[in-house]
Structure formats: C-alpha cells, structure tokens
Amino acid sequence: MMRKLGASTLETKKQFRMLPGHLVVGLWCLFTIGMLAWIVAASLSTSPEIMRGETLKFATGFHFENYAKAWTANNISVFFMNSLLYAFCTMVGSLAISAPAAYVLGRYVFVGNKLVRNGFITAMSLPQIMIILPLFSLATRANLTGSKFVLIVIYIGMQIPYTTTFLISFFASLSSVYEEAAAIDGCPPMKTFWRIMLPLAQPGIVTVGIFNFMNIWNEYFLSLIFASSEKNMSVGPGLKSVLTAMQYTGDWGGLFAAVVIVFLPTLILFLCLSKTIISGITAGGVKG
C-alpha cells in the first residue's frame with residue numbers, strides 16, 4: 001500500500017512540475033486554433049464585414065463564392081499546381097538520391113565515410129543567401145531563369161543534405177539480421193537494399209518525405225528569385241502578388257479564401273500522417 005501511495009505521490013509531483021509547460025502549450029494551441037478559425041470565417045465573409053469587424057457574425061450568410069473567385073480570378077489555381085509540382089518532384093527526387101546514399105553511409109565503413117557525413121552537415125548549415133547569387137548567375141548564363149526545371153533541380157539539391165542526414169541515422173538503427181540472412185541466401189547488397197532494407201525504412205522515408213513536401217510548399221525566397229513570371233510562381237510569392245492586388249480590388253474575402261486554399265494541403269497531410277511522422281522520428285533513435 002505504501003509503495004502504491006509513494007508511486008502516486010511521485011507521479012503527482014511530476015505532473016505538477018510539468019504544469020507550466022502544459023499551460024504554455026495549451027495557450028499556444030488555443031491561440032493558433034482561434035487565428036485559424038478567424039481566417040476561415042473571414043474567407044466566408046464579405047470585405048465590408050471584415051473591415052467592420054463583423055467577421056464572426058455572418059450577417060449576409062456564408063460566401064463560398066470567395067473560394068471560386070480566389071481559385072480563378074486571383075490565379076491561385078496556377079500557384080497551387082506549380083507548388084504541387086515543385087513539392088512532389090522535389091520529394092521524389094531527393095528521396096531517390098538520398099536513400100541509397102544514406103544506406104551506404106549508415107551501414108558500411110569505408111575511407112571518407114565521416115568526411116562525406118560532415119560534408120552533408122556543413123551543407124545544411126550554409127545560409128541560402130550565400131549560394132543564391134552564384135546559382136542565379138549560372139542559371140542566367142545558361143538561359144534557364146524563369147524555368148520550372150531549374151527551380152526543381154535547385155530544390156532537390158537543397159533538400160539532399162537534410163534528407164540524407166536524417167536517413168543515415170534511421171538506416172543505422174535497423175537490425176543487421178536481415179542483411180545477414182539475405183547474404184546467406186546469396187542476395188547482393190543493392191538488391192538487399194531495394195528489396196529488404198528500403199521497405200523496413202518506410203516510416204523514416206515517409207517522415208522525411210512529408211517534411212520535404214512541406215518545406216518546398218512553404219518556400220518563398222527561391223521561387224521569388226528564379227520564377228520570374230506568374231505562370232511559374234509557387235504559392236508563397238503568388239499570395240504576395242494577390243496581397244498587392246488587394247490595394248486595387250479590395251477583395252479581402254477572396255484573399256483569406258486563397259490563404260485557406262494554400263494552407264489546406266499541408267494541414268490535411270499532417271493530420272492524416274501525424275502518427276507516421278512521430279513514429280518515423282522516434283524510430284531513428286532506437287537501435288534495432
């Protein structure tokens with residue numbers, strides 16, 4: 001009885017010590033949910049209602065036509081599809097390059113292994129501003145500015161260091177029993193990777209793939225520099241152009257509708273795959 005009481009007391013003290021942290025997280029969640037709710041309400045209101053501060057009253061009803069106007073008149077459909085193309089191609093391209101590299105660096109010991117790993121970490125620490133001007137100069141000389149292809153290539157190159165570093169620790173945590181069994185059966189190393197180790201690393205691959213997708217979807221600076229026309233812009237610079245146009249049109253309901261449209265893909269992706277993301281993050285720290 002005394003043991004149970006002591007354990008209960010310790011648990012109560014632990015929860016009490018964590019109370020300030022819980023309060024801070026709870027307040028932040030309430031603030032975020034409140035802001036999102038207001039944005040959604042504004043996207044269903046008219047501009048006069050927004051300017052009068054009557055967003056939550058819906059005096060004239062729900063204006064779903066704001067979404068139709070945002071999708072067509074404000075070119076959100078173009079920006080949306082561009083970002084979808086950039087994010088998907090970058091996610092697939094970076095994983096196709098980084099997964100085999102991470103497997104070799106995480107499972108094999110060879111001369112230069114540590115040097116290559118440190119090179120990826122160093123590349124992650126470099127600010128984008130340091131390499132933008134050289135890349136832009138090269139793209140200009142090659143007449144590739146304003147091209148979707150060059151932006152996709154740059155995005156893939158930017159994500160490779162992070163993707164490889166993340167997957168190195170994940171592949172290193174997998175048990176070697178599977179490789180040993182495959183070697184006994186005469187399976188070559190690369191076939192072992194594609195047939196056995198890659199499926200086992202699926203939680204980590206899905207997790208880093210989602211992170212890459214979100215990073216490119218929310219990217220602003222590179223798209224602003226290399227996408228010289230609206231037909232190549234992603235949602236970040238696209239929303240900025242819509243905001244600039246608001247000075248003349250005053251369609252604030254359409255602007256907030258555009259914000260909701262842009263925000264939905266990452267929100268849905270995170271809500272649907274949150275458990276996979278958490279398991280992928282934590283699995284890399286557990287030695288198999």
# chains A, B, ... in the order shown; residues from 1 in each chain; ligands from 1

call {"tool": "residues_around", "arguments": {"residues": "A:Thr163", "least_positions_apart": "3", "cutoff": "9 Å", "atoms": "only C-alpha atoms", "output": "MDAnalysis selection string"}}
result
chainID A and resid 94:95 98:99 102 159:160 166:168 205 208:209 212

call {"tool": "residues_around", "arguments": {"residues": "A:Leu126", "least_positions_apart": "6", "cutoff": "12 Å", "atoms": "only C-alpha atoms", "output": "mmCIF file with all heavy atoms, in the first residue's frame"}}
result
data_model
loop_
_atom_site.group_PDB
_atom_site.id
_atom_site.type_symbol
_atom_site.label_atom_id
_atom_site.label_comp_id
_atom_site.auth_asym_id
_atom_site.auth_seq_id
_atom_site.Cartn_x
_atom_site.Cartn_y
_atom_site.Cartn_z
ATOM 1 N N GLY A 119 30.373 16.612 -44.624
ATOM 2 C CA GLY A 119 30.069 17.477 -45.754
ATOM 3 C C GLY A 119 28.583 17.781 -45.862
ATOM 4 O O GLY A 119 28.185 18.923 -46.121
ATOM 5 N N PHE A 120 27.737 16.758 -45.637
ATOM 6 C CA PHE A 120 26.293 16.972 -45.660
ATOM 7 C C PHE A 120 25.858 17.908 -44.529
ATOM 8 O O PHE A 120 25.006 18.783 -44.725
ATOM 9 C CB PHE A 120 25.548 15.643 -45.546
ATOM 10 C CG PHE A 120 25.508 14.859 -46.825
ATOM 11 C CD1 PHE A 120 26.032 13.580 -46.899
ATOM 12 C CD2 PHE A 120 24.928 15.400 -47.957
ATOM 13 C CE1 PHE A 120 25.989 12.855 -48.081
ATOM 14 C CE2 PHE A 120 24.880 14.682 -49.149
ATOM 15 C CZ PHE A 120 25.416 13.407 -49.205
ATOM 16 N N ILE A 132 22.661 31.745 -53.423
ATOM 17 C CA ILE A 132 21.644 32.207 -54.364
ATOM 18 C C ILE A 132 22.270 32.954 -55.527
ATOM 19 O O ILE A 132 21.962 32.700 -56.704
ATOM 20 C CB ILE A 132 20.605 33.090 -53.648
ATOM 21 C CG1 ILE A 132 19.742 32.242 -52.724
ATOM 22 C CG2 ILE A 132 19.721 33.808 -54.668
ATOM 23 C CD1 ILE A 132 18.985 31.147 -53.429
ATOM 24 N N MET A 158 18.876 21.385 -52.646
ATOM 25 C CA MET A 158 18.770 21.970 -51.311
ATOM 26 C C MET A 158 18.316 20.958 -50.264
ATOM 27 O O MET A 158 18.693 21.039 -49.091
ATOM 28 C CB MET A 158 17.784 23.144 -51.339
ATOM 29 C CG MET A 158 18.272 24.354 -52.109
ATOM 30 S SD MET A 158 19.585 25.214 -51.228
ATOM 31 C CE MET A 158 19.701 26.704 -52.226
ATOM 32 N N PRO A 161 21.034 17.306 -48.554
ATOM 33 C CA PRO A 161 21.800 17.189 -47.304
ATOM 34 C C PRO A 161 20.939 16.821 -46.103
ATOM 35 O O PRO A 161 21.290 15.916 -45.324
ATOM 36 C CB PRO A 161 22.428 18.583 -47.148
ATOM 37 C CG PRO A 161 22.499 19.120 -48.532
ATOM 38 C CD PRO A 161 21.282 18.598 -49.222
ATOM 39 N N TYR A 162 19.813 17.502 -45.941
ATOM 40 C CA TYR A 162 18.938 17.206 -44.804
ATOM 41 C C TYR A 162 18.350 15.800 -44.909
ATOM 42 O O TYR A 162 18.325 15.042 -43.931
ATOM 43 C CB TYR A 162 17.812 18.240 -44.727
ATOM 44 C CG TYR A 162 16.657 17.807 -43.862
ATOM 45 C CD1 TYR A 162 16.771 17.787 -42.476
ATOM 46 C CD2 TYR A 162 15.441 17.401 -44.432
ATOM 47 C CE1 TYR A 162 15.717 17.379 -41.683
ATOM 48 C CE2 TYR A 162 14.387 16.994 -43.639
ATOM 49 C CZ TYR A 162 14.529 16.992 -42.272
ATOM 50 O OH TYR A 162 13.481 16.578 -41.489
#

call {"tool": "residues_around", "arguments": {"residues": "stretch 251-262 of chain A", "least_positions_apart": "2", "cutoff": "10 Å", "atoms": "only C-alpha atoms", "output": "PyMOL selection string"}}
result
chain A and resi 36+38-51+55+63-71+73-77+79-80+83+217-218+235-236+238-239+242-243+245-249+264-267

call {"tool": "closest_residue", "arguments": {"among": "A:Val206, A:Ala172, A:Leu269, A:Ile184", "to": "A:Tyr103", "atoms": "only C-alpha atoms"}}
result
A:Ala172

call {"tool": "atom_distance", "arguments": {"atom1": "atom CA of A:Ala87", "atom2": "atom CA of A:Met124"}}
result
18.9 Å

call {"tool": "closest_residue", "arguments": {"among": "A:Thr122, A:Thr140, A:Ser229, A:Asn215", "to": "A:Val78", "atoms": "only C-alpha atoms"}}
result
A:Ser229

call {"tool": "atom_distance", "arguments": {"atom1": "atom CA of A:Thr32", "atom2": "atom CA of A:Met18"}}
result
21.3 Å

call {"tool": "select_by_dssp", "arguments": {"residues": "stretch 45-277 of chain A", "states": "helix (DSSP H, G or I)", "output": "number ranges by chain"}}
result
A: 47-51, 65-72, 76-107, 113-125, 128-141, 148-172, 177-184, 189-200, 202-217, 221-226, 230-232, 235-249, 252-277

call {"tool": "atom_distance", "arguments": {"atom1": "atom CA of A:Ile154", "atom2": "atom CA of A:Met197"}}
result
28.4 Å

call {"tool": "residues_around", "arguments": {"residues": "A:Phe136", "least_positions_apart": "2", "cutoff": "12 Å", "atoms": "only C-alpha atoms", "output": "list in words"}}
result
Gln128, Ile129, Met130, Ile131, Ile132, Leu133, Pro134, Leu138, Ala139, Thr140, Arg141, Ala142, Asn143, Leu144, Thr145, Gly146, Ser147, Val150, Leu151, Ile154, Leu222, Ser223, Leu224, Ile225, Phe226, Ala227 and Ser228 of chain A

call {"tool": "residues_around", "arguments": {"residues": "A:Ala182", "least_positions_apart": "3", "cutoff": "12 Å", "atoms": "only C-alpha atoms", "output": "ChimeraX atom specification"}}
result
/A:176-179,185-197
